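One file, structure.cif, is given below (mmCIF, C-alpha atoms).
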data_data
loop_
_atom_site.group_PDB
_atom_site.id
_atom_site.type_symbol
_atom_site.label_atom_id
_atom_site.label_comp_id
_atom_site.auth_asym_id
_atom_site.auth_seq_id
_atom_site.Cartn_x
_atom_site.Cartn_y
_atom_site.Cartn_z
ATOM 1 C CA MET A 34 0.270 29.730 17.340
ATOM 2 C CA PRO A 35 2.821 27.527 19.144
ATOM 3 C CA GLU A 36 5.544 25.975 17.029
ATOM 4 C CA ARG A 37 5.353 22.243 16.530
ATOM 5 C CA THR A 38 8.222 20.173 17.855
ATOM 6 C CA PRO A 39 10.278 18.708 14.980
ATOM 7 C CA ALA A 40 9.310 15.117 14.181
ATOM 8 C CA GLY A 41 12.744 13.817 15.184
ATOM 9 C CA ASP A 42 12.490 15.438 18.610
ATOM 10 C CA ARG A 43 8.990 14.049 19.134
ATOM 11 C CA ARG A 44 10.202 10.572 18.274
ATOM 12 C CA ALA A 45 13.075 10.925 20.729
ATOM 13 C CA TYR A 46 10.689 12.157 23.435
ATOM 14 C CA VAL A 47 8.160 9.360 22.883
ATOM 15 C CA GLY A 48 10.986 6.838 22.607
ATOM 16 C CA GLY A 49 12.232 8.010 26.006
ATOM 17 C CA LEU A 50 8.749 7.642 27.482
ATOM 18 C CA TYR A 51 8.540 4.138 26.055
ATOM 19 C CA ASP A 52 11.912 3.221 27.541
ATOM 20 C CA ALA A 53 10.770 4.438 30.950
ATOM 21 C CA HIS A 54 7.211 3.073 30.995
ATOM 22 C CA GLY A 55 6.557 0.882 27.942
ATOM 23 C CA ALA A 56 7.340 -2.532 29.398
ATOM 24 C CA THR A 57 5.436 -1.898 32.646
ATOM 25 C CA LEU A 58 2.399 -0.610 30.775
ATOM 26 C CA TYR A 59 2.522 -3.473 28.306
ATOM 27 C CA ARG A 60 2.497 -6.044 31.116
ATOM 28 C CA TYR A 61 -0.398 -4.175 32.724
ATOM 29 C CA ALA A 62 -2.339 -4.228 29.447
ATOM 30 C CA VAL A 63 -1.599 -7.926 28.906
ATOM 31 C CA MET A 64 -3.042 -8.723 32.317
ATOM 32 C CA LEU A 65 -6.034 -6.433 31.961
ATOM 33 C CA LEU A 66 -6.926 -7.732 28.501
ATOM 34 C CA ALA A 67 -5.655 -11.320 28.938
ATOM 35 C CA ASP A 68 -4.516 -10.923 25.345
ATOM 36 C CA ALA A 69 -0.952 -10.108 24.283
ATOM 37 C CA ILE A 70 -1.864 -9.078 20.735
ATOM 38 C CA ALA A 71 -4.535 -6.685 21.941
ATOM 39 C CA ALA A 72 -2.066 -5.286 24.479
ATOM 40 C CA GLU A 73 0.323 -4.445 21.622
ATOM 41 C CA ASP A 74 -2.470 -2.592 19.843
ATOM 42 C CA VAL A 75 -3.351 -0.615 22.958
ATOM 43 C CA ILE A 76 0.252 0.370 23.712
ATOM 44 C CA GLN A 77 0.820 1.381 20.114
ATOM 45 C CA GLN A 78 -2.327 3.511 20.119
ATOM 46 C CA VAL A 79 -1.385 5.331 23.315
ATOM 47 C CA PHE A 80 2.188 6.125 22.284
ATOM 48 C CA ALA A 81 1.257 6.889 18.684
ATOM 49 C CA ALA A 82 -1.250 9.446 19.982
ATOM 50 C CA LEU A 83 1.604 11.176 21.802
ATOM 51 C CA LEU A 84 3.566 11.302 18.551
ATOM 52 C CA ARG A 85 0.627 12.811 16.680
ATOM 53 C CA HIS A 86 -0.417 15.399 19.234
ATOM 54 C CA ASP A 87 2.967 16.871 20.074
ATOM 55 C CA VAL A 88 2.446 17.027 23.846
ATOM 56 C CA HIS A 89 4.880 17.025 26.737
ATOM 57 C CA LEU A 90 3.487 15.336 29.829
ATOM 58 C CA GLU A 91 3.788 16.734 33.339
ATOM 59 C CA GLN A 92 2.855 13.570 35.242
ATOM 60 C CA GLU A 93 3.799 11.099 32.592
ATOM 61 C CA ALA A 94 3.471 7.886 34.634
ATOM 62 C CA HIS A 95 0.009 8.877 35.857
ATOM 63 C CA TYR A 96 -1.132 10.047 32.417
ATOM 64 C CA LEU A 97 0.164 6.976 30.594
ATOM 65 C CA ARG A 98 -1.322 4.581 33.126
ATOM 66 C CA ARG A 99 -4.696 6.309 32.819
ATOM 67 C CA ALA A 100 -4.529 6.341 29.017
ATOM 68 C CA VAL A 101 -3.641 2.650 28.811
ATOM 69 C CA ARG A 102 -6.359 1.771 31.326
ATOM 70 C CA ASN A 103 -8.973 3.701 29.353
ATOM 71 C CA GLU A 104 -7.902 2.086 26.085
ATOM 72 C CA CYS A 105 -7.992 -1.377 27.647
ATOM 73 C CA TYR A 106 -11.490 -0.997 29.050
ATOM 74 C CA SER A 107 -12.653 0.541 25.781
ATOM 75 C CA TRP A 108 -11.220 -2.465 23.943
ATOM 76 C CA LEU A 109 -12.906 -4.847 26.369
ATOM 77 C CA ARG A 110 -16.263 -3.143 25.870
ATOM 78 C CA THR A 111 -16.153 -3.265 22.096
ATOM 79 C CA ARG A 112 -14.065 -6.255 21.099
ATOM 80 C CA GLN A 113 -14.244 -8.786 23.876
ATOM 81 C CA ALA A 114 -15.839 -11.407 21.667
ATOM 82 C CA ALA A 115 -12.857 -11.333 19.326
ATOM 83 C CA ALA A 116 -10.256 -11.770 22.064
ATOM 84 C CA SER A 117 -7.392 -14.046 21.118
ATOM 85 C CA VAL A 118 -6.649 -16.837 23.567
ATOM 86 C CA SER A 119 -3.759 -18.420 21.746
ATOM 87 C CA ALA A 120 -0.775 -16.485 23.084
ATOM 88 C CA GLU A 121 0.347 -17.051 26.661
ATOM 89 C CA ILE A 122 0.097 -14.137 29.037
ATOM 90 C CA LEU A 123 2.410 -15.251 31.863
ATOM 91 C CA GLU A 124 6.128 -15.897 32.046
ATOM 92 C CA VAL A 125 8.350 -17.160 34.825
ATOM 93 C CA ILE A 126 10.295 -14.474 36.644
ATOM 94 C CA PRO A 127 13.998 -15.208 36.057
ATOM 95 C CA GLY A 128 15.504 -17.081 38.993
ATOM 96 C CA ARG A 129 12.157 -18.275 40.343
ATOM 97 C CA ALA A 130 10.797 -21.806 40.436
ATOM 98 C CA SER A 131 9.680 -22.878 36.985
ATOM 99 C CA ASP A 132 6.973 -25.445 36.304
ATOM 100 C CA PRO A 133 5.520 -25.309 32.765
ATOM 101 C CA ASP A 134 2.327 -27.149 33.701
ATOM 102 C CA GLN A 135 1.765 -24.857 36.650
ATOM 103 C CA ARG A 136 2.341 -21.794 34.494
ATOM 104 C CA ILE A 137 -0.172 -23.002 31.902
ATOM 105 C CA ALA A 138 -2.733 -23.778 34.608
ATOM 106 C CA LEU A 139 -2.288 -20.364 36.231
ATOM 107 C CA ASP A 140 -2.417 -18.689 32.811
ATOM 108 C CA ARG A 141 -5.770 -20.345 32.103
ATOM 109 C CA ALA A 142 -7.105 -19.601 35.573
ATOM 110 C CA ILE A 143 -6.271 -15.902 35.300
ATOM 111 C CA ARG A 144 -8.120 -15.682 31.980
ATOM 112 C CA THR A 145 -11.305 -16.765 33.764
ATOM 113 C CA LEU A 146 -11.211 -13.742 36.083
ATOM 114 C CA PRO A 147 -13.182 -10.583 35.289
ATOM 115 C CA ALA A 148 -10.978 -7.761 34.039
ATOM 116 C CA GLU A 149 -11.445 -5.740 37.235
ATOM 117 C CA GLN A 150 -10.133 -8.644 39.317
ATOM 118 C CA ARG A 151 -7.211 -9.250 36.952
ATOM 119 C CA GLU A 152 -6.346 -5.572 37.281
ATOM 120 C CA VAL A 153 -6.290 -5.702 41.078
ATOM 121 C CA VAL A 154 -4.245 -8.921 41.098
ATOM 122 C CA HIS A 155 -1.795 -7.381 38.682
ATOM 123 C CA LEU A 156 -1.328 -4.075 40.461
ATOM 124 C CA HIS A 157 -1.124 -5.650 43.931
ATOM 125 C CA SER A 158 0.764 -8.878 43.241
ATOM 126 C CA PHE A 159 2.938 -7.979 40.254
ATOM 127 C CA GLU A 160 3.503 -4.253 40.742
ATOM 128 C CA GLY A 161 3.266 -4.076 44.541
ATOM 129 C CA TRP A 162 0.617 -1.361 44.774
ATOM 130 C CA THR A 163 -1.375 -0.993 47.996
ATOM 131 C CA PHE A 164 -5.141 -1.399 47.916
ATOM 132 C CA GLN A 165 -5.472 2.334 48.596
ATOM 133 C CA GLN A 166 -3.300 3.194 45.593
ATOM 134 C CA ILE A 167 -5.362 0.875 43.413
ATOM 135 C CA ALA A 168 -8.582 2.412 44.726
ATOM 136 C CA ASP A 169 -7.332 5.907 43.910
ATOM 137 C CA ALA A 170 -6.224 4.922 40.417
ATOM 138 C CA SER A 171 -9.436 3.130 39.554
ATOM 139 C CA ASP A 172 -11.891 5.551 41.204
ATOM 140 C CA THR A 173 -13.276 2.868 43.510
ATOM 141 C CA SER A 174 -13.313 2.318 47.251
ATOM 142 C CA ILE A 175 -10.621 0.426 49.079
ATOM 143 C CA ASN A 176 -13.253 -2.082 50.211
ATOM 144 C CA THR A 177 -14.188 -2.812 46.622
ATOM 145 C CA VAL A 178 -10.546 -3.314 45.712
ATOM 146 C CA ALA A 179 -9.973 -5.639 48.664
ATOM 147 C CA ALA A 180 -13.088 -7.631 47.773
ATOM 148 C CA ARG A 181 -12.004 -7.972 44.155
ATOM 149 C CA TYR A 182 -8.627 -9.253 45.284
ATOM 150 C CA ARG A 183 -10.214 -11.721 47.693
ATOM 151 C CA TYR A 184 -12.643 -13.023 45.069
ATOM 152 C CA ALA A 185 -9.850 -13.277 42.524
ATOM 153 C CA LEU A 186 -7.646 -15.406 44.761
ATOM 154 C CA ALA A 187 -10.599 -17.624 45.707
ATOM 155 C CA ARG A 188 -11.408 -18.164 42.048
ATOM 156 C CA LEU A 189 -7.797 -18.874 41.156
ATOM 157 C CA ARG A 190 -7.605 -21.422 43.948
ATOM 158 C CA GLN A 191 -10.815 -23.049 42.740
ATOM 159 C CA GLN A 192 -9.595 -23.151 39.135
ATOM 160 C CA LEU A 193 -6.204 -24.574 40.078
ATOM 161 C CA SER A 194 -7.703 -27.286 42.254
ATOM 162 C CA THR A 195 -9.877 -28.730 39.440
ATOM 163 C CA MET B 128 -5.540 -13.006 54.861
ATOM 164 C CA THR B 129 -5.901 -16.804 54.955
ATOM 165 C CA ASP B 130 -3.302 -19.519 54.457
ATOM 166 C CA HIS B 131 -4.998 -20.409 51.169
ATOM 167 C CA GLN B 132 -4.569 -16.850 49.949
ATOM 168 C CA ASP B 133 -0.929 -16.952 50.992
ATOM 169 C CA ASP B 134 -0.466 -20.094 48.893
ATOM 170 C CA ILE B 135 -1.909 -18.434 45.823
ATOM 171 C CA GLU B 136 0.074 -15.261 46.452
ATOM 172 C CA ALA B 137 3.254 -17.314 46.781
ATOM 173 C CA LEU B 138 2.435 -18.970 43.481
ATOM 174 C CA LEU B 139 1.798 -15.618 41.788
ATOM 175 C CA ARG B 140 5.187 -14.342 42.955
ATOM 176 C CA ASN B 141 6.906 -16.784 40.583
ATOM 177 C CA TYR B 142 5.264 -15.326 37.511
ATOM 178 C CA ARG B 143 4.519 -12.049 35.787
ATOM 179 C CA PRO B 144 2.729 -11.002 32.597
ATOM 180 C CA ILE B 145 4.861 -11.384 29.491
ATOM 181 C CA GLY B 146 6.893 -8.394 28.337
ATOM 182 C CA PRO B 147 6.581 -6.503 25.048
ATOM 183 C CA PRO B 148 8.106 -7.803 21.817
ATOM 184 C CA ALA B 149 11.588 -6.410 21.164
ATOM 185 C CA ASP B 150 10.527 -4.425 18.102
ATOM 186 C CA LEU B 151 7.474 -2.741 19.624
ATOM 187 C CA LYS B 152 9.340 0.488 20.391
ATOM 188 C CA HIS B 153 10.668 0.680 16.842
ATOM 189 C CA ARG B 154 7.167 0.129 15.435
ATOM 190 C CA ILE B 155 5.780 2.900 17.641
ATOM 191 C CA VAL B 156 8.502 5.499 17.166
ATOM 192 C CA HIS B 157 8.954 4.977 13.437
ATOM 193 C CA ARG B 158 5.300 4.468 12.690
ATOM 194 C CA GLY B 159 4.914 7.861 11.011
ATOM 195 C CA SER B 160 7.980 7.673 8.823
ATOM 196 C CA ARG B 161 7.275 4.100 7.827
ATOM 197 C CA SER B 162 3.742 4.825 6.734
ATOM 198 C CA VAL B 163 4.700 7.638 4.349
ATOM 199 C CA TRP B 164 6.798 5.946 1.689
ATOM 200 C CA PRO B 165 4.362 3.156 0.711
ATOM 201 C CA TRP B 166 1.759 5.821 0.003
ATOM 202 C CA ALA B 167 4.250 7.807 -2.057
ATOM 203 C CA VAL B 168 5.105 4.709 -4.110
ATOM 204 C CA ALA B 169 1.419 3.872 -4.550
ATOM 205 C CA ALA B 170 0.679 7.441 -5.663
ATOM 206 C CA ALA B 171 3.545 7.354 -8.172
ATOM 207 C CA LEU B 172 2.351 4.020 -9.589
ATOM 208 C CA LEU B 173 -1.193 5.357 -9.870
ATOM 209 C CA LEU B 174 0.058 8.459 -11.706
ATOM 210 C CA VAL B 175 2.052 6.343 -14.155
ATOM 211 C CA SER B 176 -0.996 4.130 -14.745
ATOM 212 C CA ILE B 177 -3.270 7.101 -15.401
ATOM 213 C CA VAL B 178 -0.813 8.662 -17.846
ATOM 214 C CA GLY B 179 -0.426 5.331 -19.628
ATOM 215 C CA VAL B 180 -4.173 4.754 -19.909
ATOM 216 C CA GLN B 181 -4.713 8.301 -21.186
ATOM 217 C CA ALA B 182 -2.002 7.876 -23.844
ATOM 218 C CA ALA B 183 -3.480 4.559 -24.955
ATOM 219 C CA SER B 184 -6.969 6.083 -25.023
ATOM 220 C CA SER B 185 -5.823 8.996 -27.186
ATOM 221 C CA ARG B 186 -4.150 6.650 -29.653
ATOM 222 C CA THR B 187 -7.264 4.475 -29.877
ATOM 223 C CA ILE B 188 -9.540 7.476 -30.427
ATOM 224 C CA GLU B 189 -7.303 8.851 -33.164
ATOM 225 C CA ARG B 190 -7.138 5.456 -34.849
ATOM 226 C CA LEU B 191 -10.926 5.110 -34.806
ATOM 227 C CA ARG B 192 -11.397 8.630 -36.132
ATOM 228 C CA ALA B 193 -8.868 8.084 -38.898
ATOM 229 C CA ALA B 194 -10.580 4.844 -39.924
ATOM 230 C CA ASP B 195 -13.905 6.529 -40.500
ATOM 231 C CA ARG B 196 -13.996 10.313 -40.798
ATOM 232 C CA ASP B 197 -17.797 10.245 -41.289
ATOM 233 C CA ALA B 198 -18.239 8.972 -37.745
ATOM 234 C CA VAL B 199 -16.511 11.923 -36.083
ATOM 235 C CA PRO B 200 -19.665 14.059 -35.500
ATOM 236 C CA ALA B 201 -21.499 11.094 -33.965
ATOM 237 C CA ILE B 202 -18.536 10.307 -31.754
ATOM 238 C CA GLU B 203 -18.275 13.902 -30.585
ATOM 239 C CA ASP B 204 -22.001 14.086 -29.810
ATOM 240 C CA LEU B 205 -21.985 10.842 -27.892
ATOM 241 C CA ALA B 206 -18.777 11.776 -26.040
ATOM 242 C CA ALA B 207 -20.292 15.113 -25.025
ATOM 243 C CA SER B 208 -23.367 13.364 -23.647
ATOM 244 C CA LEU B 209 -21.114 10.975 -21.701
ATOM 245 C CA GLY B 210 -19.185 13.773 -20.026
ATOM 246 C CA GLY B 211 -16.725 14.932 -22.646
ATOM 247 C CA ASP B 212 -13.508 13.635 -21.058
ATOM 248 C CA ASP B 213 -10.988 11.214 -22.537
ATOM 249 C CA ALA B 214 -12.796 8.192 -21.192
ATOM 250 C CA ALA B 215 -16.049 9.448 -22.729
ATOM 251 C CA HIS B 216 -14.342 9.941 -26.117
ATOM 252 C CA LEU B 217 -12.851 6.447 -26.017
ATOM 253 C CA LEU B 218 -16.173 4.859 -25.148
ATOM 254 C CA ALA B 219 -18.050 6.936 -27.737
ATOM 255 C CA ALA B 220 -15.574 6.092 -30.483
ATOM 256 C CA THR B 221 -15.777 2.399 -29.696
ATOM 257 C CA VAL B 222 -19.591 2.381 -29.533
ATOM 258 C CA VAL B 223 -19.997 4.299 -32.791
ATOM 259 C CA ALA B 224 -17.484 2.106 -34.605
ATOM 260 C CA ASN B 225 -19.250 -1.027 -33.446
ATOM 261 C CA LEU B 226 -22.690 0.339 -34.376
ATOM 262 C CA ARG B 227 -21.465 1.230 -37.859
ATOM 263 C CA ALA B 228 -19.913 -2.190 -38.274
ATOM 264 C CA ASP B 229 -23.149 -3.885 -37.221
ATOM 265 C CA ALA B 230 -25.163 -1.678 -39.575
ATOM 266 C CA ALA B 231 -22.845 -2.519 -42.460
ATOM 267 C CA LEU B 232 -23.156 -6.233 -41.771
ATOM 268 C CA LEU B 233 -26.971 -6.001 -41.707
ATOM 269 C CA ARG B 234 -26.904 -4.203 -45.033
ATOM 270 C CA GLY B 235 -24.687 -6.979 -46.391
ATOM 271 C CA GLY B 236 -22.431 -4.376 -47.883
ATOM 272 C CA THR B 237 -18.733 -4.636 -48.500
ATOM 273 C CA ASP B 238 -17.916 -1.454 -46.622
ATOM 274 C CA ALA B 239 -18.060 -3.212 -43.241
ATOM 275 C CA PRO B 240 -14.917 -2.813 -41.176
ATOM 276 C CA GLN B 241 -12.750 -5.896 -40.890
ATOM 277 C CA ALA B 242 -13.518 -6.362 -37.233
ATOM 278 C CA ARG B 243 -15.488 -4.804 -34.409
ATOM 279 C CA GLU B 244 -13.462 -2.392 -32.346
ATOM 280 C CA GLY B 245 -12.987 -3.040 -28.646
ATOM 281 C CA VAL B 246 -11.993 -0.655 -25.913
ATOM 282 C CA GLY B 247 -8.235 -0.501 -25.494
ATOM 283 C CA LYS B 248 -7.424 -2.445 -28.660
#
Translate this structure into structure tokens?
Amino acid sequence: MPERTPAGDRRAYVGGLYDAHGATLYRYAVMLLADAIAAEDVIQQVFAALLRHDVHLEQEAHYLRRAVRNECYSWLRTRQAAASVSAEILEVIPGRASDPDQRIALDRAIRTLPAEQREVVHLHSFEGWTFQQIADASDTSINTVAARYRYALARLRQQLST
Amino acid sequence: MTDHQDDIEALLRNYRPIGPPADLKHRIVHRGSRSVWPWAVAAALLLVSIVGVQAASSRTIERLRAADRDAVPAIEDLAASLGGDDAAHLLAATVVANLRADAALLRGGTDAPQAREGVGK
């Protein structure tokens, strides 16, 4: 039977994973869920599971992204009706043009998108992924990803023009 | 890609989803250690409460038995039928004392206890 890693070492390992990936994954979850509180829950669940199960990841970025994605879609399937809409989900990137009204309008417009479209917008616009990378990560075709992106931008434009 | 899309993309480039709260890492990493001590405190408080209730129950039972030695067989029988533990003895002693007090009052006798006994008195 393999020896369990001491609790202190596991905490250090998971803490290191959080330092490397936590903020990126949290932003991803916020966008996917359109709910900052739910994103906290998801991130806590994923990292707490690593603490409990005493695992060392080979492809940690890939594994964590997949785990957070699965948790987010699971949350959306079961608890969508209870989603909080009070907390904002967007912030201005430091050094960029800042317009509070515009941020609020974009925040609201993004919430109206389906989760799949929010995910594509996030990965392409905020994280710089290619459509092919998004297709590979989400087990869909590149045409589907491109269509989701196109529909998302059209809907955002429509929402922001009203 | 159309000009309209470029406009929206340019707009999106000024923003990003909010980042995690500063204490999220601490809550994740110290989740296990933090969740242990409240349970230990709760368990200790529960143990103290149980010991206290048992001590009070024993005192009450002894007081009821001392007040009326004739009632002891009835108390023991009733306690046995209720499970035989301390709680059963306390309940049986209280019930028997109250029944005897009621019976004495109905008879109009002077041997009635001063007051009905209540659980935990």
Original post:
So which residues get picked by the PyMOL selection byres ((chain A) within 9 of (chain B)) here, written as a ChimeraX atom specification?
Top reply: /A:43-45,47-48,51-52,55-57,59-61,63-64,69,72-73,76-78,80-81,84-85,121-131,136,139,155,158-159,183,186-187,189-190
Can I get the selection written as a PDB file, keeping the file's coordinate frame, with C-alpha atoms?
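The new file selection.pdb reads:
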ATOM      1  CA  ARG A  43       8.990  14.049  19.134  1.00  0.00           C
ATOM      2  CA  ARG A  44      10.202  10.572  18.274  1.00  0.00           C
ATOM      3  CA  ALA A  45      13.075  10.925  20.729  1.00  0.00           C
ATOM      4  CA  VAL A  47       8.160   9.360  22.883  1.00  0.00           C
ATOM      5  CA  GLY A  48      10.986   6.838  22.607  1.00  0.00           C
ATOM      6  CA  TYR A  51       8.540   4.138  26.055  1.00  0.00           C
ATOM      7  CA  ASP A  52      11.912   3.221  27.541  1.00  0.00           C
ATOM      8  CA  GLY A  55       6.557   0.882  27.942  1.00  0.00           C
ATOM      9  CA  ALA A  56       7.340  -2.532  29.398  1.00  0.00           C
ATOM     10  CA  THR A  57       5.436  -1.898  32.646  1.00  0.00           C
ATOM     11  CA  TYR A  59       2.522  -3.473  28.306  1.00  0.00           C
ATOM     12  CA  ARG A  60       2.497  -6.044  31.116  1.00  0.00           C
ATOM     13  CA  TYR A  61      -0.398  -4.175  32.724  1.00  0.00           C
ATOM     14  CA  VAL A  63      -1.599  -7.926  28.906  1.00  0.00           C
ATOM     15  CA  MET A  64      -3.042  -8.723  32.317  1.00  0.00           C
ATOM     16  CA  ALA A  69      -0.952 -10.108  24.283  1.00  0.00           C
ATOM     17  CA  ALA A  72      -2.066  -5.286  24.479  1.00  0.00           C
ATOM     18  CA  GLU A  73       0.323  -4.445  21.622  1.00  0.00           C
ATOM     19  CA  ILE A  76       0.252   0.370  23.712  1.00  0.00           C
ATOM     20  CA  GLN A  77       0.820   1.381  20.114  1.00  0.00           C
ATOM     21  CA  GLN A  78      -2.327   3.511  20.119  1.00  0.00           C
ATOM     22  CA  PHE A  80       2.188   6.125  22.284  1.00  0.00           C
ATOM     23  CA  ALA A  81       1.257   6.889  18.684  1.00  0.00           C
ATOM     24  CA  LEU A  84       3.566  11.302  18.551  1.00  0.00           C
ATOM     25  CA  ARG A  85       0.627  12.811  16.680  1.00  0.00           C
ATOM     26  CA  GLU A 121       0.347 -17.051  26.661  1.00  0.00           C
ATOM     27  CA  ILE A 122       0.097 -14.137  29.037  1.00  0.00           C
ATOM     28  CA  LEU A 123       2.410 -15.251  31.863  1.00  0.00           C
ATOM     29  CA  GLU A 124       6.128 -15.897  32.046  1.00  0.00           C
ATOM     30  CA  VAL A 125       8.350 -17.160  34.825  1.00  0.00           C
ATOM     31  CA  ILE A 126      10.295 -14.474  36.644  1.00  0.00           C
ATOM     32  CA  PRO A 127      13.998 -15.208  36.057  1.00  0.00           C
ATOM     33  CA  GLY A 128      15.504 -17.081  38.993  1.00  0.00           C
ATOM     34  CA  ARG A 129      12.157 -18.275  40.343  1.00  0.00           C
ATOM     35  CA  ALA A 130      10.797 -21.806  40.436  1.00  0.00           C
ATOM     36  CA  SER A 131       9.680 -22.878  36.985  1.00  0.00           C
ATOM     37  CA  ARG A 136       2.341 -21.794  34.494  1.00  0.00           C
ATOM     38  CA  LEU A 139      -2.288 -20.364  36.231  1.00  0.00           C
ATOM     39  CA  HIS A 155      -1.795  -7.381  38.682  1.00  0.00           C
ATOM     40  CA  SER A 158       0.764  -8.878  43.241  1.00  0.00           C
ATOM     41  CA  PHE A 159       2.938  -7.979  40.254  1.00  0.00           C
ATOM     42  CA  ARG A 183     -10.214 -11.721  47.693  1.00  0.00           C
ATOM     43  CA  LEU A 186      -7.646 -15.406  44.761  1.00  0.00           C
ATOM     44  CA  ALA A 187     -10.599 -17.624  45.707  1.00  0.00           C
ATOM     45  CA  LEU A 189      -7.797 -18.874  41.156  1.00  0.00           C
ATOM     46  CA  ARG A 190      -7.605 -21.422  43.948  1.00  0.00           C
TER      47      ARG A 190
END
Original post:
If the PyMOL selection byres ((chain A and resi 66) around 9) is run on the structure shown, which residues does it catch, given as a list in words?
Top reply: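 Evaluating the PyMOL selection byres ((chain A and resi 66) around 9) on these coordinates yields Tyr61, Ala62, Val63, Met64, Leu65, Ala67, Asp68, Ala69, Ala71, Ala72, Cys105, Tyr106, Trp108, Leu109, Gln113, Ala116, Arg144, Ala148 and Arg151 of chain A.
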Original post:
For the atom pair CA of Val101 (chain A) and CA of Thr145 (chain A), what is the interatomic distance in Å to one decimal place?
Top reply: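 Computing the Euclidean distance for CA of Val101 (chain A) and CA of Thr145 (chain A) yields 21.5 Å.
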Subject >> 10 Å contact set for Val178 (chain A), all atoms listed in the file, chain neighbours under 2 positions out, as a list in words >> reply: Glu149, Gln150, Glu152, Val153, Val154, His157, Thr163, Phe164, Gln165, Gln166, Ile167, Ala168, Asp169, Ser171, Thr173, Ser174, Ile175, Asn176, Ala180, Arg181, Tyr182, Arg183 and Tyr184 of chain A
Output file for the selection above: C-alpha atoms, as a PDB file, in the coordinates of the input:
ATOM      1  CA  GLU A 149     -11.445  -5.740  37.235  1.00  0.00           C
ATOM      2  CA  GLN A 150     -10.133  -8.644  39.317  1.00  0.00           C
ATOM      3  CA  GLU A 152      -6.346  -5.572  37.281  1.00  0.00           C
ATOM      4  CA  VAL A 153      -6.290  -5.702  41.078  1.00  0.00           C
ATOM      5  CA  VAL A 154      -4.245  -8.921  41.098  1.00  0.00           C
ATOM      6  CA  HIS A 157      -1.124  -5.650  43.931  1.00  0.00           C
ATOM      7  CA  THR A 163      -1.375  -0.993  47.996  1.00  0.00           C
ATOM      8  CA  PHE A 164      -5.141  -1.399  47.916  1.00  0.00           C
ATOM      9  CA  GLN A 165      -5.472   2.334  48.596  1.00  0.00           C
ATOM     10  CA  GLN A 166      -3.300   3.194  45.593  1.00  0.00           C
ATOM     11  CA  ILE A 167      -5.362   0.875  43.413  1.00  0.00           C
ATOM     12  CA  ALA A 168      -8.582   2.412  44.726  1.00  0.00           C
ATOM     13  CA  ASP A 169      -7.332   5.907  43.910  1.00  0.00           C
ATOM     14  CA  SER A 171      -9.436   3.130  39.554  1.00  0.00           C
ATOM     15  CA  THR A 173     -13.276   2.868  43.510  1.00  0.00           C
ATOM     16  CA  SER A 174     -13.313   2.318  47.251  1.00  0.00           C
ATOM     17  CA  ILE A 175     -10.621   0.426  49.079  1.00  0.00           C
ATOM     18  CA  ASN A 176     -13.253  -2.082  50.211  1.00  0.00           C
ATOM     19  CA  ALA A 180     -13.088  -7.631  47.773  1.00  0.00           C
ATOM     20  CA  ARG A 181     -12.004  -7.972  44.155  1.00  0.00           C
ATOM     21  CA  TYR A 182      -8.627  -9.253  45.284  1.00  0.00           C
ATOM     22  CA  ARG A 183     -10.214 -11.721  47.693  1.00  0.00           C
ATOM     23  CA  TYR A 184     -12.643 -13.023  45.069  1.00  0.00           C
TER      24      TYR A 184
END
Subject >> Distance of CA of Ala120 (chain A) from CA of Ile70 (chain A), expressed in Å to one decimal place >> reply: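 Atom-to-atom, CA of Ile70 (chain A) to CA of Ala120 (chain A), that is 7.8 Å.
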Original post:
What is the distance between CA of Glu160 (chain A) and CA of Thr195 (chain A), in Å to one decimal?
Top reply: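 Distance between the two atoms: 27.9 Å.
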Enclosing box along x, y and z for every listed atom of region 138-156 of chain A, padded 6 Å each side, centre and size in Å, one decimal, as lines of an AutoDock Vina configuration file:
center_x = -7.3
center_y = -13.9
center_z = 36.5
size_x = 23.9
size_y = 31.7
size_z = 21.1
